[in-house]
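Colleague: One structure, pasted below without further comment.
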Amino acid sequence: MPNLTNSYETVMVLSMNLGEEGIAALVTKFKDLIAANGTVEGIDEWGKRKLAYPIQKQPEGYYVLIDFKSAPEFTAELDRIYKITDGVLRSLIIKKELKPAKAKKPAKKAEAKAEEATEA
């Protein structure tokens with residue numbers, strides 16, 4: 001049976017009450033967890049941001065985006081771990097869709113115009 005993997009991205013909002021060391025530890029924990037069950041393609045730390053509305057009476061959170069590939073079953077486990085981890089205010093996991101290659105229609109129009117120009 002082939003090894004099925006999908007591309008995902010996850011965004012988590014961490015509590016600012018953890019401090020710099022606590023935030024770094026959580027980011028490392030989730031990066032290692034994802035790496036153990038798939039492959040991490042990139043980590044983008046957006047940093048401290050003001051929330052649109054207070055979450056658990058906190059006006060700010062620390063945002064982290066992780067791109068990864070894994071088996072579909074792992075995302076349910078990752079979501080469960082997000083929910084039971086202290087310091088994670090919100091989390092979201094999204095499956096990235098592969099975009100099909102588009103036909104190059106503008107090139108055909110340019111060729112047709114070039115032919116009309118040479119005929120005239």
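Within each chain, counting starts at residue 1; across the structure tokens, chains are named A, B, ... in the order shown, with ligands numbered 1 upward in that order.
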Please, which residues of chain A, numbered as in this document, come out strand (DSSP E) from DSSP, as a VMD selection string?

Modeller: chain A and resid 6 to 15 38 to 55 58 to 70 88 to 95

Colleague: Rank A:Ile66, A:Leu14, A:Ala24, A:Ile81 by their smallest atom-to-atom distance to Lys48 in chain A, using only C-alpha atoms, and report the top residue only.

Modeller: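 With only C-alpha atoms as the atom set, the closest residue is A:Leu14.
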
Colleague: How far is it from CA of Ala76 in chain A to CA of Pro54 in chain A, in Å with one decimal?

Modeller: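 Taking CA of Ala76 in chain A and CA of Pro54 in chain A, their separation equals 26.5 Å.
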
Colleague: Pick from A:Asn37, A:Leu98, A:Gly19, A:Arg49: nearest to Tyr62 in chain A, with only C-alpha atoms counted?

Modeller: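 Selected residue with least distance to Tyr62 in chain A: A:Arg49.
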